[in-house]
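Asks: To be precise about what I am sending: the file is called upload-v8.cif and holds mmCIF, C-alpha atoms.
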```cif
data_upload
#
loop_
_atom_site.group_PDB
_atom_site.id
_atom_site.type_symbol
_atom_site.label_atom_id
_atom_site.label_comp_id
_atom_site.auth_asym_id
_atom_site.auth_seq_id
_atom_site.Cartn_x
_atom_site.Cartn_y
_atom_site.Cartn_z
ATOM 1 C CA MET Z 1 -20.166 -1.690 -0.485
ATOM 2 C CA ASN Z 2 -17.710 0.281 1.453
ATOM 3 C CA GLY Z 3 -14.424 0.611 3.211
ATOM 4 C CA ALA Z 4 -15.821 2.184 6.370
ATOM 5 C CA GLY Z 5 -14.084 0.818 9.420
ATOM 6 C CA GLU Z 6 -11.424 -1.048 7.449
ATOM 7 C CA ASP Z 7 -8.180 -1.745 9.305
ATOM 8 C CA ALA Z 8 -4.734 -0.498 8.432
ATOM 9 C CA ALA Z 9 -3.777 -3.828 6.860
ATOM 10 C CA ASN Z 10 -6.224 -3.139 4.029
ATOM 11 C CA LEU Z 11 -3.707 -1.081 2.106
ATOM 12 C CA GLN Z 12 -2.724 -1.314 -1.505
ATOM 13 C CA PRO Z 13 0.766 -2.527 -2.391
ATOM 14 C CA PRO Z 14 3.176 0.016 -3.872
ATOM 15 C CA LEU Z 15 3.571 0.700 -7.593
ATOM 16 C CA GLN Z 16 -0.027 -0.175 -8.451
ATOM 17 C CA LYS Z 17 -1.286 2.274 -11.073
ATOM 18 C CA LYS Z 18 -4.804 3.566 -10.744
ATOM 19 C CA ASN Z 19 -7.114 4.916 -13.415
ATOM 20 C CA ILE Z 20 -8.291 8.104 -11.691
ATOM 21 C CA ILE Z 21 -10.797 9.973 -13.850
ATOM 22 C CA GLY Z 22 -11.503 12.973 -11.629
ATOM 23 C CA THR Z 23 -11.819 14.593 -8.218
ATOM 24 C CA VAL Z 24 -15.179 15.677 -6.811
ATOM 25 C CA ASP Z 25 -16.304 17.894 -3.943
ATOM 26 C CA SER Z 26 -20.069 17.650 -4.424
ATOM 27 C CA VAL Z 27 -22.825 15.279 -5.519
ATOM 28 C CA GLU Z 28 -23.325 17.338 -8.673
ATOM 29 C CA ALA Z 29 -19.677 17.029 -9.671
ATOM 30 C CA PHE Z 30 -19.776 13.279 -9.041
ATOM 31 C CA LEU Z 31 -22.889 12.754 -11.179
ATOM 32 C CA LYS Z 32 -21.383 14.880 -13.955
ATOM 33 C CA ILE Z 33 -18.369 12.557 -14.164
ATOM 34 C CA LEU Z 34 -20.649 9.513 -14.324
ATOM 35 C CA GLN Z 35 -22.732 11.088 -17.078
ATOM 36 C CA GLU Z 36 -19.601 11.643 -19.153
ATOM 37 C CA LEU Z 37 -18.622 7.968 -19.103
ATOM 38 C CA PRO Z 38 -19.183 6.348 -22.500
ATOM 39 C CA ALA Z 39 -22.173 4.029 -22.645
ATOM 40 C CA ARG Z 40 -21.417 0.307 -23.012
ATOM 41 C CA SER Z 41 -24.308 -2.041 -23.770
ATOM 42 C CA ASP Z 42 -22.093 -5.104 -23.272
ATOM 43 C CA MET Z 43 -21.162 -4.196 -19.691
ATOM 44 C CA GLU Z 44 -22.853 -3.633 -16.337
ATOM 45 C CA THR Z 45 -21.671 -0.956 -13.931
ATOM 46 C CA PHE Z 46 -21.166 -1.285 -10.184
ATOM 47 C CA TYR Z 47 -19.586 0.913 -7.531
ATOM 48 C CA ARG Z 48 -17.735 0.737 -4.228
ATOM 49 C CA GLY Z 49 -16.784 3.502 -1.810
ATOM 50 C CA HIS Z 50 -13.592 3.666 0.251
ATOM 51 C CA GLU Z 51 -13.240 6.235 3.009
ATOM 52 C CA ASN Z 52 -9.478 6.147 2.399
ATOM 53 C CA ALA Z 53 -8.100 6.124 -1.138
ATOM 54 C CA ILE Z 54 -5.187 3.874 -0.130
ATOM 55 C CA PHE Z 55 -7.409 0.887 0.699
ATOM 56 C CA GLU Z 56 -7.017 -2.045 -1.669
ATOM 57 C CA LEU Z 57 -9.626 -4.149 -3.443
ATOM 58 C CA THR Z 58 -9.249 -7.266 -1.333
ATOM 59 C CA PRO Z 59 -11.954 -9.197 0.552
ATOM 60 C CA SER Z 60 -11.412 -9.362 4.296
ATOM 61 C CA LEU Z 61 -10.641 -13.104 4.165
ATOM 62 C CA LEU Z 62 -7.776 -12.581 1.729
ATOM 63 C CA ARG Z 63 -5.959 -9.797 3.537
ATOM 64 C CA LYS Z 64 -2.446 -10.252 4.836
ATOM 65 C CA TRP Z 65 -0.303 -8.690 7.506
ATOM 66 C CA PRO Z 66 2.536 -6.426 6.327
ATOM 67 C CA ASP Z 67 4.960 -9.355 6.658
ATOM 68 C CA GLY Z 68 2.907 -11.384 4.162
ATOM 69 C CA ARG Z 69 1.199 -13.746 6.606
ATOM 70 C CA TRP Z 70 -2.503 -14.430 6.187
ATOM 71 C CA GLN Z 71 -4.853 -12.833 8.699
ATOM 72 C CA PHE Z 72 -7.785 -15.237 8.265
ATOM 73 C CA MET Z 73 -7.393 -17.563 5.267
ATOM 74 C CA PRO Z 74 -5.979 -20.627 7.105
ATOM 75 C CA ASN Z 75 -9.126 -20.691 9.246
ATOM 76 C CA GLU Z 76 -11.769 -20.006 6.594
ATOM 77 C CA ASP Z 77 -13.601 -23.303 7.089
ATOM 78 C CA ARG Z 78 -13.494 -22.953 10.888
ATOM 79 C CA LEU Z 79 -14.804 -19.399 10.789
ATOM 80 C CA CYS Z 80 -17.792 -20.504 8.723
ATOM 81 C CA LYS Z 81 -18.535 -23.619 10.745
ATOM 82 C CA GLU Z 82 -18.248 -21.871 14.109
ATOM 83 C CA LEU Z 83 -20.699 -19.160 13.064
ATOM 84 C CA LEU Z 84 -23.108 -21.787 11.729
ATOM 85 C CA ILE Z 85 -22.901 -23.698 14.996
ATOM 86 C CA ALA Z 86 -23.497 -20.598 17.099
ATOM 87 C CA HIS Z 87 -26.400 -19.252 15.015
ATOM 88 C CA TYR Z 88 -27.714 -22.226 13.057
ATOM 89 C CA ASP Z 89 -31.304 -20.968 12.891
ATOM 90 C CA GLU Z 90 -30.191 -17.794 11.104
ATOM 91 C CA PHE Z 91 -29.022 -19.826 8.102
ATOM 92 C CA GLN Z 92 -31.960 -22.226 7.714
ATOM 93 C CA GLY Z 93 -33.383 -20.356 4.732
ATOM 94 C CA ASP Z 94 -30.112 -20.316 2.796
ATOM 95 C CA GLN Z 95 -30.195 -22.787 -0.078
ATOM 96 C CA TYR Z 96 -26.635 -22.379 -1.360
ATOM 97 C CA CYS Z 97 -23.216 -21.946 0.186
ATOM 98 C CA PHE Z 98 -23.034 -18.544 -1.503
ATOM 99 C CA ASP Z 99 -26.205 -17.486 0.331
ATOM 100 C CA ARG Z 100 -24.538 -18.380 3.627
ATOM 101 C CA LEU Z 101 -21.407 -16.420 2.729
ATOM 102 C CA VAL Z 102 -23.534 -13.372 1.990
ATOM 103 C CA ARG Z 103 -25.213 -13.638 5.386
ATOM 104 C CA MET Z 104 -21.848 -14.143 7.092
ATOM 105 C CA GLN Z 105 -20.491 -11.077 5.310
ATOM 106 C CA HIS Z 106 -23.520 -9.129 6.505
ATOM 107 C CA TYR Z 107 -22.661 -9.984 10.102
ATOM 108 C CA GLY Z 108 -19.002 -9.059 9.692
ATOM 109 C CA LEU Z 109 -17.323 -12.446 9.298
ATOM 110 C CA PRO Z 110 -14.274 -12.392 6.980
ATOM 111 C CA THR Z 111 -15.307 -13.945 3.655
ATOM 112 C CA ARG Z 112 -14.098 -14.117 0.063
ATOM 113 C CA LEU Z 113 -16.769 -11.569 -0.931
ATOM 114 C CA LEU Z 114 -16.208 -7.905 -1.755
ATOM 115 C CA ASP Z 115 -19.314 -5.720 -1.504
ATOM 116 C CA ILE Z 116 -20.259 -3.586 -4.510
ATOM 117 C CA SER Z 117 -23.405 -1.646 -5.331
ATOM 118 C CA SER Z 118 -25.435 -0.797 -8.401
ATOM 119 C CA ASN Z 119 -26.240 2.579 -6.798
ATOM 120 C CA PRO Z 120 -23.429 5.136 -7.277
ATOM 121 C CA LEU Z 121 -24.754 7.436 -4.547
ATOM 122 C CA VAL Z 122 -24.567 4.648 -1.977
ATOM 123 C CA ALA Z 123 -20.894 4.185 -2.915
ATOM 124 C CA LEU Z 124 -20.356 7.944 -2.654
ATOM 125 C CA PHE Z 125 -21.868 7.854 0.842
ATOM 126 C CA PHE Z 126 -19.408 5.158 1.919
ATOM 127 C CA ALA Z 127 -16.508 7.139 0.475
ATOM 128 C CA CYS Z 128 -17.451 9.999 2.817
ATOM 129 C CA TYR Z 129 -18.872 8.247 5.897
ATOM 130 C CA CYS Z 130 -16.031 7.913 8.366
ATOM 131 C CA PRO Z 131 -14.863 8.930 11.849
ATOM 132 C CA PRO Z 132 -14.216 12.683 12.308
ATOM 133 C CA GLU Z 133 -10.438 12.236 12.304
ATOM 134 C CA PHE Z 134 -10.591 10.877 8.733
ATOM 135 C CA MET Z 135 -12.920 13.495 7.252
ATOM 136 C CA GLU Z 136 -9.984 15.352 5.674
ATOM 137 C CA VAL Z 137 -8.492 12.172 4.200
ATOM 138 C CA GLU Z 138 -9.225 11.661 0.506
ATOM 139 C CA GLY Z 139 -11.773 8.960 -0.200
ATOM 140 C CA GLU Z 140 -12.637 7.376 -3.493
ATOM 141 C CA VAL Z 141 -15.426 5.748 -5.444
ATOM 142 C CA ILE Z 142 -14.352 2.763 -7.508
ATOM 143 C CA ILE Z 143 -16.306 2.209 -10.721
ATOM 144 C CA PHE Z 144 -16.444 -1.365 -11.993
ATOM 145 C CA ARG Z 145 -17.545 -1.927 -15.574
ATOM 146 C CA ILE Z 146 -18.039 -5.654 -15.812
ATOM 147 C CA SER Z 147 -18.651 -7.692 -18.933
ATOM 148 C CA SER Z 148 -22.235 -8.933 -18.959
ATOM 149 C CA ASP Z 149 -20.898 -12.453 -19.520
ATOM 150 C CA ALA Z 150 -18.966 -12.223 -16.246
ATOM 151 C CA VAL Z 151 -22.035 -11.324 -14.179
ATOM 152 C CA LYS Z 152 -23.479 -14.401 -12.476
ATOM 153 C CA TYR Z 153 -26.488 -15.107 -10.292
ATOM 154 C CA TYR Z 154 -26.649 -16.740 -6.872
ATOM 155 C CA ASP Z 155 -27.567 -20.148 -8.365
ATOM 156 C CA SER Z 156 -24.737 -20.273 -10.917
ATOM 157 C CA ASP Z 157 -22.654 -23.474 -11.037
ATOM 158 C CA THR Z 158 -19.474 -21.387 -11.196
ATOM 159 C CA VAL Z 159 -20.575 -19.528 -8.075
ATOM 160 C CA SER Z 160 -21.218 -22.832 -6.285
ATOM 161 C CA CYS Z 161 -17.740 -24.096 -7.149
ATOM 162 C CA ILE Z 162 -15.982 -20.981 -5.860
ATOM 163 C CA ALA Z 163 -18.182 -20.463 -2.798
ATOM 164 C CA ASN Z 164 -17.681 -24.050 -1.631
ATOM 165 C CA LEU Z 165 -13.948 -23.489 -1.412
ATOM 166 C CA SER Z 166 -14.890 -22.081 1.991
ATOM 167 C CA ASN Z 167 -15.713 -25.639 3.132
ATOM 168 C CA LEU Z 168 -12.220 -26.957 2.409
ATOM 169 C CA THR Z 169 -9.524 -27.005 5.052
ATOM 170 C CA TYR Z 170 -6.372 -24.995 4.489
ATOM 171 C CA PRO Z 171 -4.263 -28.117 3.720
ATOM 172 C CA GLN Z 172 -6.917 -29.180 1.200
ATOM 173 C CA LYS Z 173 -6.803 -25.767 -0.497
ATOM 174 C CA ASN Z 174 -3.042 -26.110 -0.747
ATOM 175 C CA GLU Z 175 -3.550 -29.267 -2.817
ATOM 176 C CA ILE Z 176 -5.378 -27.315 -5.532
ATOM 177 C CA ASN Z 177 -3.405 -27.047 -8.775
ATOM 178 C CA LEU Z 178 -5.070 -24.623 -11.163
ATOM 179 C CA THR Z 179 -2.630 -25.457 -13.981
ATOM 180 C CA GLN Z 180 -4.113 -28.933 -14.448
ATOM 181 C CA ASN Z 181 -6.575 -29.612 -17.236
ATOM 182 C CA VAL Z 182 -10.171 -30.434 -16.372
ATOM 183 C CA GLU Z 183 -9.741 -34.202 -16.575
ATOM 184 C CA ALA Z 184 -6.583 -34.333 -14.455
ATOM 185 C CA PHE Z 185 -7.958 -31.957 -11.839
ATOM 186 C CA ASN Z 186 -11.171 -33.901 -11.385
ATOM 187 C CA GLU Z 187 -9.214 -37.059 -10.663
ATOM 188 C CA THR Z 188 -7.543 -35.473 -7.630
ATOM 189 C CA GLY Z 189 -8.646 -36.045 -4.068
ATOM 190 C CA VAL Z 190 -9.281 -32.379 -3.391
ATOM 191 C CA ALA Z 191 -11.607 -32.189 -6.394
ATOM 192 C CA GLY Z 192 -13.577 -35.083 -4.915
ATOM 193 C CA LYS Z 193 -13.872 -33.290 -1.585
ATOM 194 C CA LEU Z 194 -14.999 -30.071 -3.259
ATOM 195 C CA LEU Z 195 -17.491 -31.987 -5.388
ATOM 196 C CA HIS Z 196 -18.956 -33.532 -2.234
ATOM 197 C CA HIS Z 197 -19.770 -30.060 -0.875
ATOM 198 C CA ILE Z 198 -21.132 -28.827 -4.202
ATOM 199 C CA LYS Z 199 -23.437 -31.836 -4.618
ATOM 200 C CA SER Z 200 -24.820 -31.279 -1.105
ATOM 201 C CA GLU Z 201 -26.550 -28.191 -2.512
ATOM 202 C CA LYS Z 202 -26.842 -29.298 -6.151
ATOM 203 C CA GLY Z 203 -27.422 -33.022 -6.389
ATOM 204 C CA PHE Z 204 -27.621 -32.765 -10.184
ATOM 205 C CA PHE Z 205 -24.178 -31.133 -10.537
ATOM 206 C CA GLU Z 206 -22.075 -32.844 -13.216
ATOM 207 C CA PRO Z 207 -18.802 -34.051 -11.661
ATOM 208 C CA LYS Z 208 -16.582 -31.836 -13.785
ATOM 209 C CA ILE Z 209 -15.047 -28.799 -12.033
ATOM 210 C CA ALA Z 210 -13.090 -26.366 -14.201
ATOM 211 C CA PRO Z 211 -9.831 -25.219 -12.548
ATOM 212 C CA ASP Z 212 -10.029 -21.915 -14.437
ATOM 213 C CA ASP Z 213 -13.347 -21.176 -12.729
ATOM 214 C CA LEU Z 214 -11.908 -21.880 -9.283
ATOM 215 C CA GLY Z 215 -9.238 -19.225 -9.746
ATOM 216 C CA SER Z 216 -11.500 -16.535 -11.188
ATOM 217 C CA ILE Z 217 -13.239 -13.457 -9.827
ATOM 218 C CA VAL Z 218 -16.928 -13.238 -10.681
ATOM 219 C CA CYS Z 219 -19.566 -10.625 -10.071
ATOM 220 C CA VAL Z 220 -22.616 -12.158 -8.407
ATOM 221 C CA LYS Z 221 -26.093 -10.767 -7.968
ATOM 222 C CA ALA Z 222 -27.359 -12.082 -4.650
ATOM 223 C CA LYS Z 223 -30.831 -12.708 -3.296
ATOM 224 C CA ARG Z 224 -31.995 -9.618 -1.464
ATOM 225 C CA THR Z 225 -32.716 -11.527 1.716
ATOM 226 C CA ASN Z 226 -31.837 -8.826 4.224
ATOM 227 C CA THR Z 227 -32.543 -5.143 4.572
ATOM 228 C CA ARG Z 228 -28.920 -4.131 4.146
ATOM 229 C CA ILE Z 229 -28.581 -5.732 0.709
ATOM 230 C CA LYS Z 230 -31.895 -4.161 -0.332
ATOM 231 C CA SER Z 231 -30.999 -0.685 0.896
ATOM 232 C CA GLN Z 232 -27.506 -0.770 -0.588
ATOM 233 C CA ALA Z 233 -28.559 -2.281 -3.941
ATOM 234 C CA GLY Z 234 -25.942 -4.880 -3.239
ATOM 235 C CA ALA Z 235 -23.973 -7.293 -5.360
ATOM 236 C CA PHE Z 236 -20.618 -8.964 -4.730
ATOM 237 C CA LEU Z 237 -17.291 -9.813 -6.284
ATOM 238 C CA LEU Z 238 -16.587 -13.441 -5.363
ATOM 239 C CA PHE Z 239 -12.863 -14.244 -5.259
ATOM 240 C CA GLY Z 240 -11.680 -17.708 -6.240
ATOM 241 C CA HIS Z 241 -8.616 -19.646 -5.114
ATOM 242 C CA GLU Z 242 -5.579 -17.334 -4.782
ATOM 243 C CA ALA Z 243 -7.371 -14.736 -6.909
ATOM 244 C CA THR Z 244 -6.246 -11.100 -6.798
ATOM 245 C CA LEU Z 245 -7.751 -8.075 -8.518
ATOM 246 C CA PRO Z 246 -5.197 -5.602 -9.916
ATOM 247 C CA GLU Z 247 -5.877 -1.960 -9.066
ATOM 248 C CA PHE Z 248 -6.294 -1.201 -12.781
ATOM 249 C CA GLY Z 249 -8.674 -4.125 -13.417
ATOM 250 C CA GLN Z 250 -8.386 -7.250 -15.513
ATOM 251 C CA GLU Z 251 -10.003 -8.882 -18.514
ATOM 252 C CA GLY Z 252 -13.769 -8.518 -18.148
ATOM 253 C CA ILE Z 253 -13.506 -6.046 -15.241
ATOM 254 C CA GLU Z 254 -12.624 -2.438 -16.082
ATOM 255 C CA ILE Z 255 -11.842 -0.215 -13.085
ATOM 256 C CA ALA Z 256 -11.889 3.569 -12.856
ATOM 257 C CA ARG Z 257 -11.740 5.773 -9.773
ATOM 258 C CA VAL Z 258 -13.064 9.104 -8.601
ATOM 259 C CA THR Z 259 -11.219 10.877 -5.779
ATOM 260 C CA VAL Z 260 -13.560 12.337 -3.152
ATOM 261 C CA ILE Z 261 -12.868 15.455 -1.051
ATOM 262 C CA GLU Z 262 -15.094 17.772 1.031
ATOM 263 C CA LYS Z 263 -16.700 14.725 2.614
ATOM 264 C CA GLN Z 264 -18.902 16.542 5.115
ATOM 265 C CA HIS Z 265 -20.377 18.753 2.412
ATOM 266 C CA ILE Z 266 -21.194 15.705 0.307
ATOM 267 C CA LEU Z 267 -22.721 13.900 3.306
ATOM 268 C CA ASP Z 268 -24.949 16.907 3.945
ATOM 269 C CA GLN Z 269 -26.075 16.864 0.312
ATOM 270 C CA LEU Z 270 -26.746 13.122 0.406
ATOM 271 C CA ASP Z 271 -28.678 13.467 3.663
ATOM 272 C CA ALA Z 272 -30.978 15.969 1.948
ATOM 273 C CA ILE Z 273 -32.022 13.218 -0.490
ATOM 274 C CA ASN Z 274 -32.304 10.605 2.286
ATOM 275 C CA ILE Z 275 -29.038 8.811 1.696
ATOM 276 C CA ASN Z 276 -27.587 8.525 5.179
ATOM 277 C CA ALA Z 277 -26.749 5.957 7.832
ATOM 278 C CA THR Z 278 -30.423 5.324 8.546
ATOM 279 C CA SER Z 279 -31.312 4.469 4.954
ATOM 280 C CA VAL Z 280 -28.064 2.706 4.056
ATOM 281 C CA TYR Z 281 -27.734 0.820 7.362
ATOM 282 C CA PRO Z 282 -31.411 0.199 8.189
ATOM 283 C CA SER Z 283 -30.795 -1.755 11.411
ATOM 284 C CA ILE Z 284 -32.045 -0.216 14.639
ATOM 285 C CA ASP Z 285 -28.549 0.211 16.105
ATOM 286 C CA GLN Z 286 -27.290 2.172 13.117
ATOM 287 C CA THR Z 287 -30.456 4.267 13.017
ATOM 288 C CA ALA Z 288 -29.971 5.102 16.699
ATOM 289 C CA VAL Z 289 -26.376 6.224 16.076
ATOM 290 C CA HIS Z 290 -27.451 8.394 13.146
ATOM 291 C CA LEU Z 291 -30.248 10.007 15.143
ATOM 292 C CA ARG Z 292 -27.931 10.588 18.090
ATOM 293 C CA GLU Z 293 -25.449 12.506 15.938
ATOM 294 C CA ARG Z 294 -28.133 14.374 14.015
ATOM 295 C CA TYR Z 295 -29.869 15.725 17.095
ATOM 296 C CA ARG Z 296 -26.865 16.240 19.396
ATOM 297 C CA GLN Z 297 -26.882 19.753 20.842
ATOM 298 C CA PRO Z 298 -23.708 21.734 20.114
ATOM 299 C CA ALA Z 299 -21.217 22.259 22.904
ATOM 300 C CA ALA Z 300 -21.233 25.599 24.675
ATOM 301 C CA VAL Z 301 -18.853 28.160 23.255
ATOM 302 C CA GLU Z 302 -16.483 29.506 25.900
#
```
Starting from the file, lay out its structure as structure tokens.
Replies:
Amino acid sequence: MNGAGEDAANLQPPLQKKNIIGTVDSVEAFLKILQELPARSDMETFYRGHENAIFELTPSLLRKWPDGRWQFMPNEDRLCKELLIAHYDEFQGDQYCFDRLVRMQHYGLPTRLLDISSNPLVALFFACYCPPEFMEVEGEVIIFRISSDAVKYYDSDTVSCIANLSNLTYPQKNEINLTQNVEAFNETGVAGKLLHHIKSEKGFFEPKIAPDDLGSIVCVKAKRTNTRIKSQAGAFLLFGHEATLPEFGQEGIEIARVTVIEKQHILDQLDAININATSVYPSIDQTAVHLRERYRQPAAVE
């Protein structure tokens, strides 16, 4: 749900306009802005925190170097297969390809998933939680208001189609033509290969893949199969083939932003209501780091 630890390549391109609706320096100010947002019964709201306001809304798999070259995309299928080979037992309970991508994301593998949360205070934590040298850098909380029709579940057919793109080789992905109609696309060889992967998890799947679905971005509610997803009230944006999310949003996904300053003050406030590294990252290693910093004795004053 966060941008903590993101690398410098995760920067937004120039001339992208943002819908910034306020600047906050406390939890109270943040909640006040949220309370003033107009209610929408036809939309669901999710959040994401970036420790640096210049980070872009791009999954790790889809990031590029400054010269435009892919960082990871040409090796998507290899990344997934190599992790499965190395830790096969970890994925035995995953029924769908999407489930596996969620687990891979959890362990830090670049995927076509972007973490979001239904808990605004978790996103606020991630906007503030950063190394000391970045505490004075403005963070932000991104607010996603997503059409209820665009919110899918882990077992959705659309989700299966997009998630299984990860099983295609890079040359196979390059054969995809999203401008074709449904009939023409499903007669192509790459559609047959994608269908093979989809039917391995859904034997009943009708052999008719919609190109429009493959190029879309959908919000997916995942199974809460690990403690991190549970603690972070997690969901995901799943990015389709060559999909990009404009900084100002798109049809079905409205985006607003809140600039975050006074990060340490906000972290102290969040800690008082038990939103900290221990509760948000409930693994033993993260808990140990949090406890180490919390109980470190101050250095002697000379």
Asks: Which value, in Å to one decimal, gives the distance between CA of Thr111 (chain Z) and CA of Asn167 (chain Z)?
Replies: 11.7 Å
Asks: Give me, as JSON lines, the closest atom pair and its distance (Å, one decimal) for every residue of region 113-155 of chain Z within a cut-off of 9 Å of region 263-280 of chain Z, counting all atoms listed in the file, rows sorted by chain and rising number.
Replies:
```
{"residue": "Z:Leu121", "atom": "CA", "partner": "Z:Ile275", "partner_atom": "CA", "distance": 7.7}
{"residue": "Z:Val122", "atom": "CA", "partner": "Z:Ile275", "partner_atom": "CA", "distance": 7.1}
{"residue": "Z:Leu124", "atom": "CA", "partner": "Z:Ile266", "partner_atom": "CA", "distance": 8.3}
{"residue": "Z:Phe125", "atom": "CA", "partner": "Z:Leu267", "partner_atom": "CA", "distance": 6.6}
{"residue": "Z:Ala127", "atom": "CA", "partner": "Z:Lys263", "partner_atom": "CA", "distance": 7.9}
{"residue": "Z:Cys128", "atom": "CA", "partner": "Z:Lys263", "partner_atom": "CA", "distance": 4.8}
{"residue": "Z:Tyr129", "atom": "CA", "partner": "Z:Leu267", "partner_atom": "CA", "distance": 7.3}
{"residue": "Z:Cys130", "atom": "CA", "partner": "Z:Lys263", "partner_atom": "CA", "distance": 8.9}
{"residue": "Z:Met135", "atom": "CA", "partner": "Z:Lys263", "partner_atom": "CA", "distance": 6.1}
{"residue": "Z:Glu136", "atom": "CA", "partner": "Z:Lys263", "partner_atom": "CA", "distance": 7.4}
{"residue": "Z:Val137", "atom": "CA", "partner": "Z:Lys263", "partner_atom": "CA", "distance": 8.7}
{"residue": "Z:Glu138", "atom": "CA", "partner": "Z:Lys263", "partner_atom": "CA", "distance": 8.3}
{"residue": "Z:Gly139", "atom": "CA", "partner": "Z:Lys263", "partner_atom": "CA", "distance": 8.1}
```
Asks: Given the file shown, enumerate the residues that the PyMOL selection byres ((chain Z and resi 84) around 12) captures and present them as a list of chain:residue names.
Replies: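 Checking the PyMOL selection byres ((chain Z and resi 84) around 12) against this file, the residues are Z:Asp77, Z:Arg78, Z:Leu79, Z:Cys80, Z:Lys81, Z:Glu82, Z:Leu83, Z:Ile85, Z:Ala86, Z:His87, Z:Tyr88, Z:Asp89, Z:Glu90, Z:Phe91, Z:Gln92, Z:Asp94, Z:Cys97, Z:Arg100, Z:Leu101, Z:Arg103, Z:Met104, Z:Tyr107, Z:Leu109, Z:Asn167.
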Asks: Which of these residues is nearest to Ala222 (chain Z), using only C-alpha atoms: Z:Lys152, Z:Lys173, Z:Lys199, Z:Lys18?
Replies: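 Of Z:Lys152, Z:Lys173, Z:Lys199, Z:Lys18, the one nearest Ala222 (chain Z) is Z:Lys152, counting only C-alpha atoms.
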Asks: Could you give me, as number ranges by chain, the residues that sit within 7 Å of (-16.0, -3.5, -15.3) in the file's coordinates, counting all atoms listed in the file?
Replies: Z: 43-45, 144-147, 252-255
Asks: Using only C-alpha atoms, pick whichever of Z:Val159, Z:Ala191, Z:Ile176, Z:Ala39 has the shortest atom-to-atom distance to Phe239 (chain Z).
Replies: Z:Val159
Asks: For CA of Pro171 (chain Z) and CA of Leu194 (chain Z), determine how far apart the two atoms are, in Å to one decimal place.
Replies: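 Atom-to-atom, CA of Pro171 (chain Z) and CA of Leu194 (chain Z) are spaced 13.0 Å apart.
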Asks: Using Å and a single decimal, report how far CA of Thr188 (chain Z) sits from CA of Pro211 (chain Z).
Replies: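 CA of Thr188 (chain Z) lies 11.6 Å from CA of Pro211 (chain Z).
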Asks: Counting all atoms listed in the file, which of Z:Ile143, Z:Phe126, Z:Tyr96, Z:Ser148 gets nearest to Asn164 (chain Z)?
Replies: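 The answer is Z:Tyr96, which sits nearest to Asn164 (chain Z).
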Asks: Name the residues in contact with Ala210 (chain Z) at a cut-off of 9 Å, using all atoms listed in the file, excluding same-chain residues fewer than 6 positions from it; report them as an MDAnalysis selection string.
Replies: chainID Z and resid 158 161 178 181:183 185:186
Asks: Of the candidates Z:Val218, Z:Ile54, Z:Leu37, Z:Val151, which one gets nearest to Leu245 (chain Z) if we count all atoms listed in the file?
Replies: Z:Val218
Asks: Identify the residues around (-10.0, -23.0, 3.1) within a radius of 8 Å, measuring from only C-alpha atoms in the coordinates stated by the file, and give them as number ranges by chain.
Replies: Z: 73-77, 165-173
Asks: Keeping C-alpha atoms, export the residues of the selection given above as a PDB file, in the frame of the given file.
Replies:
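Written out: again-v2.pdb:
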```pdb
ATOM      1  CA  MET Z  73      -7.393 -17.563   5.267  1.00  0.00           C
ATOM      2  CA  PRO Z  74      -5.979 -20.627   7.105  1.00  0.00           C
ATOM      3  CA  ASN Z  75      -9.126 -20.691   9.246  1.00  0.00           C
ATOM      4  CA  GLU Z  76     -11.769 -20.006   6.594  1.00  0.00           C
ATOM      5  CA  ASP Z  77     -13.601 -23.303   7.089  1.00  0.00           C
ATOM      6  CA  LEU Z 165     -13.948 -23.489  -1.412  1.00  0.00           C
ATOM      7  CA  SER Z 166     -14.890 -22.081   1.991  1.00  0.00           C
ATOM      8  CA  ASN Z 167     -15.713 -25.639   3.132  1.00  0.00           C
ATOM      9  CA  LEU Z 168     -12.220 -26.957   2.409  1.00  0.00           C
ATOM     10  CA  THR Z 169      -9.524 -27.005   5.052  1.00  0.00           C
ATOM     11  CA  TYR Z 170      -6.372 -24.995   4.489  1.00  0.00           C
ATOM     12  CA  PRO Z 171      -4.263 -28.117   3.720  1.00  0.00           C
ATOM     13  CA  GLN Z 172      -6.917 -29.180   1.200  1.00  0.00           C
ATOM     14  CA  LYS Z 173      -6.803 -25.767  -0.497  1.00  0.00           C
TER      15      LYS Z 173
END
```
